[in-house]
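What follows is a short report on a single structure.
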Amino acid sequence: MDKIGEIPPIPDNPRMEAGHKLEPLIAEWFAEKTGYKVWRKNCIFQHPDHDFMLANIDRWLPGLNAGLECKNTSEYSRDDWSGTQAPVEYILQCNHYMAVTGADRWFLAVLIGGWDLHWCVVERDESLIENLITIERDFWFNVILTQTPPEFSHQDTSRLNEMYPTSVSTSIDLEESAYPIIQQLHEARKIKANVLEQEETAKNRLKAMMGEADKAYWQGELAFTWKTTARGRTFKVIGGRGNE
């Protein structure tokens, strides 16, 4: 809807506004820590062969054929950056930038909690880039140019709430085409229940191994914590989002 101009521009929320204002600071801090030069590029890059692929990059690193993406995140997201790999969505973003600009690698600098700067490198992945081009081409030609909305997915919860903010006292009869979706929902609920049971079993077995310890390491790296809090002991998977 945004691409075909059917909704007004989305205003920056406070988090997005903070990200824009902190971008120059993060870029400068990254340059100080690494010794690399960073250049601002006041232009939109376009893929030489696929004109629908654009890139508005944060910074360019002259002499390295590389770019820099600056991120600002809260303390609550620290675990997402605890390993050597960046979150998947940023790996995809950086490879899109590399596809468009022809860069060999992309640096990611993230400011965590307003005080702790981390950075990592995303190397160019030709296989991933080919997949991105295929997906983006399909989206552009078969969705945008034909103005054919894709099927609703897990990403559209907020959009549906905006489209239908209130309910009315009425009912509908679902068409036959709803049958596979209903089956999908029931099957997903069964799988979810089974997966939650497996997760709980694995957690409890790890807790039993940990006993009174509040930290557990796997192959030299912190993997799990089971710490005492005001609510009791809280189990946490380091590098993931699973809390109990």
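Order determines the names: the first chain of the structure tokens is A, the second B, and so forth; residues in each chain are numbered 1 upward, and ligands are numbered 1 upward as they are shown.
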Inset, instruction - Give me the residues within 12 Å of segment 173-183 of chain A as a PyMOL selection string, counting only C-alpha atoms and dropping any in the same chain fewer than 6 places off. - result: chain A and resi 151-153+189-190
Legend entry - Polymer residues at most 10 Å from segment 79-93 of chain A, only C-alpha atoms, same-chain spacing of 3 or more positions, as a ChimeraX atom specification: /A:55,69,71,73,75-76,96-99,106,108,110,112,118-125,128-129,132,221-222,236-241
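With distances restricted to only C-alpha atoms, A:Leu117 is the closest residue to Lys33 of chain A from A:Met163, A:Ile4, A:Leu117, A:Ala202.
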Inset, instruction - Step one, run DSSP on the backbone; step two, keep only residues of segment 100-142 of chain A assigned to helix (DSSP H, G or I); then write them as JSON, numbers by chain. - result: {"A": [100, 101, 126, 127, 128, 129, 130, 131, 132, 133, 134, 135, 136, 137, 138, 139, 140, 141, 142]}
How would the residues just chosen look if you wrote them out with N, CA, C and O atoms as an mmCIF file, in the first residue's frame?
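So the final result, stored in again_18.cif, reads:
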data_model
loop_
_atom_site.group_PDB
_atom_site.id
_atom_site.type_symbol
_atom_site.label_atom_id
_atom_site.label_comp_id
_atom_site.auth_asym_id
_atom_site.auth_seq_id
_atom_site.Cartn_x
_atom_site.Cartn_y
_atom_site.Cartn_z
ATOM 1 N N VAL A 100 22.973 -4.033 -4.614
ATOM 2 C CA VAL A 100 22.753 -2.785 -5.334
ATOM 3 C C VAL A 100 24.059 -2.057 -5.612
ATOM 4 O O VAL A 100 24.291 -1.550 -6.712
ATOM 5 N N THR A 101 24.948 -1.993 -4.616
ATOM 6 C CA THR A 101 26.169 -1.182 -4.729
ATOM 7 C C THR A 101 27.366 -1.948 -5.275
ATOM 8 O O THR A 101 28.355 -1.333 -5.666
ATOM 9 N N GLU A 126 26.638 -14.522 -2.269
ATOM 10 C CA GLU A 126 26.107 -14.509 -3.629
ATOM 11 C C GLU A 126 24.816 -15.315 -3.756
ATOM 12 O O GLU A 126 23.892 -14.917 -4.469
ATOM 13 N N SER A 127 24.743 -16.446 -3.052
ATOM 14 C CA SER A 127 23.533 -17.264 -3.120
ATOM 15 C C SER A 127 22.344 -16.520 -2.527
ATOM 16 O O SER A 127 21.236 -16.519 -3.098
ATOM 17 N N LEU A 128 22.568 -15.892 -1.392
ATOM 18 C CA LEU A 128 21.503 -15.115 -0.763
ATOM 19 C C LEU A 128 21.083 -13.946 -1.644
ATOM 20 O O LEU A 128 19.887 -13.645 -1.786
ATOM 21 N N ILE A 129 22.043 -13.283 -2.263
ATOM 22 C CA ILE A 129 21.739 -12.152 -3.136
ATOM 23 C C ILE A 129 20.902 -12.597 -4.327
ATOM 24 O O ILE A 129 19.940 -11.910 -4.718
ATOM 25 N N GLU A 130 21.220 -13.745 -4.910
ATOM 26 C CA GLU A 130 20.426 -14.247 -6.035
ATOM 27 C C GLU A 130 18.980 -14.500 -5.600
ATOM 28 O O GLU A 130 18.032 -14.209 -6.335
ATOM 29 N N ASN A 131 18.814 -15.039 -4.382
ATOM 30 C CA ASN A 131 17.462 -15.264 -3.863
ATOM 31 C C ASN A 131 16.733 -13.951 -3.640
ATOM 32 O O ASN A 131 15.530 -13.828 -3.936
ATOM 33 N N LEU A 132 17.450 -12.956 -3.100
ATOM 34 C CA LEU A 132 16.836 -11.651 -2.874
ATOM 35 C C LEU A 132 16.377 -11.022 -4.190
ATOM 36 O O LEU A 132 15.272 -10.469 -4.273
ATOM 37 N N ILE A 133 17.218 -11.111 -5.209
ATOM 38 C CA ILE A 133 16.854 -10.538 -6.512
ATOM 39 C C ILE A 133 15.599 -11.215 -7.049
ATOM 40 O O ILE A 133 14.683 -10.557 -7.563
ATOM 41 N N THR A 134 15.541 -12.536 -6.941
ATOM 42 C CA THR A 134 14.370 -13.279 -7.419
ATOM 43 C C THR A 134 13.108 -12.850 -6.697
ATOM 44 O O THR A 134 12.063 -12.588 -7.320
ATOM 45 N N ILE A 135 13.197 -12.755 -5.371
ATOM 46 C CA ILE A 135 12.030 -12.388 -4.563
ATOM 47 C C ILE A 135 11.605 -10.944 -4.840
ATOM 48 O O ILE A 135 10.416 -10.644 -5.002
ATOM 49 N N GLU A 136 12.582 -10.049 -4.925
ATOM 50 C CA GLU A 136 12.263 -8.640 -5.151
ATOM 51 C C GLU A 136 11.701 -8.417 -6.551
ATOM 52 O O GLU A 136 10.803 -7.600 -6.750
ATOM 53 N N ARG A 137 12.250 -9.137 -7.539
ATOM 54 C CA ARG A 137 11.734 -9.025 -8.903
ATOM 55 C C ARG A 137 10.275 -9.476 -8.949
ATOM 56 O O ARG A 137 9.424 -8.817 -9.562
ATOM 57 N N ASP A 138 9.997 -10.612 -8.308
ATOM 58 C CA ASP A 138 8.629 -11.124 -8.288
ATOM 59 C C ASP A 138 7.685 -10.135 -7.602
ATOM 60 O O ASP A 138 6.579 -9.872 -8.095
ATOM 61 N N PHE A 139 8.130 -9.561 -6.494
ATOM 62 C CA PHE A 139 7.307 -8.596 -5.769
ATOM 63 C C PHE A 139 7.033 -7.368 -6.637
ATOM 64 O O PHE A 139 5.897 -6.872 -6.701
ATOM 65 N N TRP A 140 8.055 -6.886 -7.332
ATOM 66 C CA TRP A 140 7.902 -5.664 -8.120
ATOM 67 C C TRP A 140 6.986 -5.871 -9.325
ATOM 68 O O TRP A 140 6.043 -5.105 -9.554
ATOM 69 N N PHE A 141 7.242 -6.917 -10.098
ATOM 70 C CA PHE A 141 6.506 -7.108 -11.343
ATOM 71 C C PHE A 141 5.120 -7.719 -11.136
ATOM 72 O O PHE A 141 4.184 -7.385 -11.864
ATOM 73 N N ASN A 142 4.995 -8.617 -10.144
ATOM 74 C CA ASN A 142 3.722 -9.324 -9.981
ATOM 75 C C ASN A 142 2.822 -8.751 -8.891
ATOM 76 O O ASN A 142 1.639 -9.117 -8.821
#
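From atom CA of Asp12 of chain A back to atom CA of Asp58 of chain A, the distance works out to 17.0 Å.
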Inset, instruction - Would you return as a PyMOL selection string the members of segment 45-208 of chain A that DSSP assigns to strand (DSSP E or B) on this structure's backbone? - result: chain A and resi 45-46+54-55+59-61+66-73+105-112+116-123
Inset, instruction - Would you mind telling me which residue in A:Asp2, A:Glu23, A:Glu17, A:Glu162 lies nearest to Leu111 of chain A when using only C-alpha atoms? - result: A:Glu23
Inset, instruction - Do a neighbour search on segment 36-52 of chain A at 6 Å with only C-alpha atoms, toss out local chain neighbours closer than 6 positions, and write the hits as a list in words. - result: Arg59, Trp60, Leu61 and Val100 of chain A
Any chance you could export the current selection's N, CA and C atoms as a compact mmCIF listing (two decimals), in the first residue's frame?
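part-v1.txt, freshly written:
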# COMPACT_ATOMS: atom_id res chain seq x y z
N ARG A 59 26.37 4.96 5.40
CA ARG A 59 27.72 5.46 5.15
C ARG A 59 28.44 4.53 4.17
N TRP A 60 29.45 5.10 3.49
CA TRP A 60 30.32 4.34 2.60
C TRP A 60 31.74 4.38 3.15
N LEU A 61 32.46 3.24 3.07
CA LEU A 61 33.84 3.16 3.55
C LEU A 61 34.77 3.20 2.35
N VAL A 100 22.97 -4.03 -4.61
CA VAL A 100 22.75 -2.79 -5.33
C VAL A 100 24.06 -2.06 -5.61
Legend entry - Interatomic distance (Å, one decimal) between atom CA of Ala103 of chain A and atom CA of Ala66 of chain A: 5.1 Å
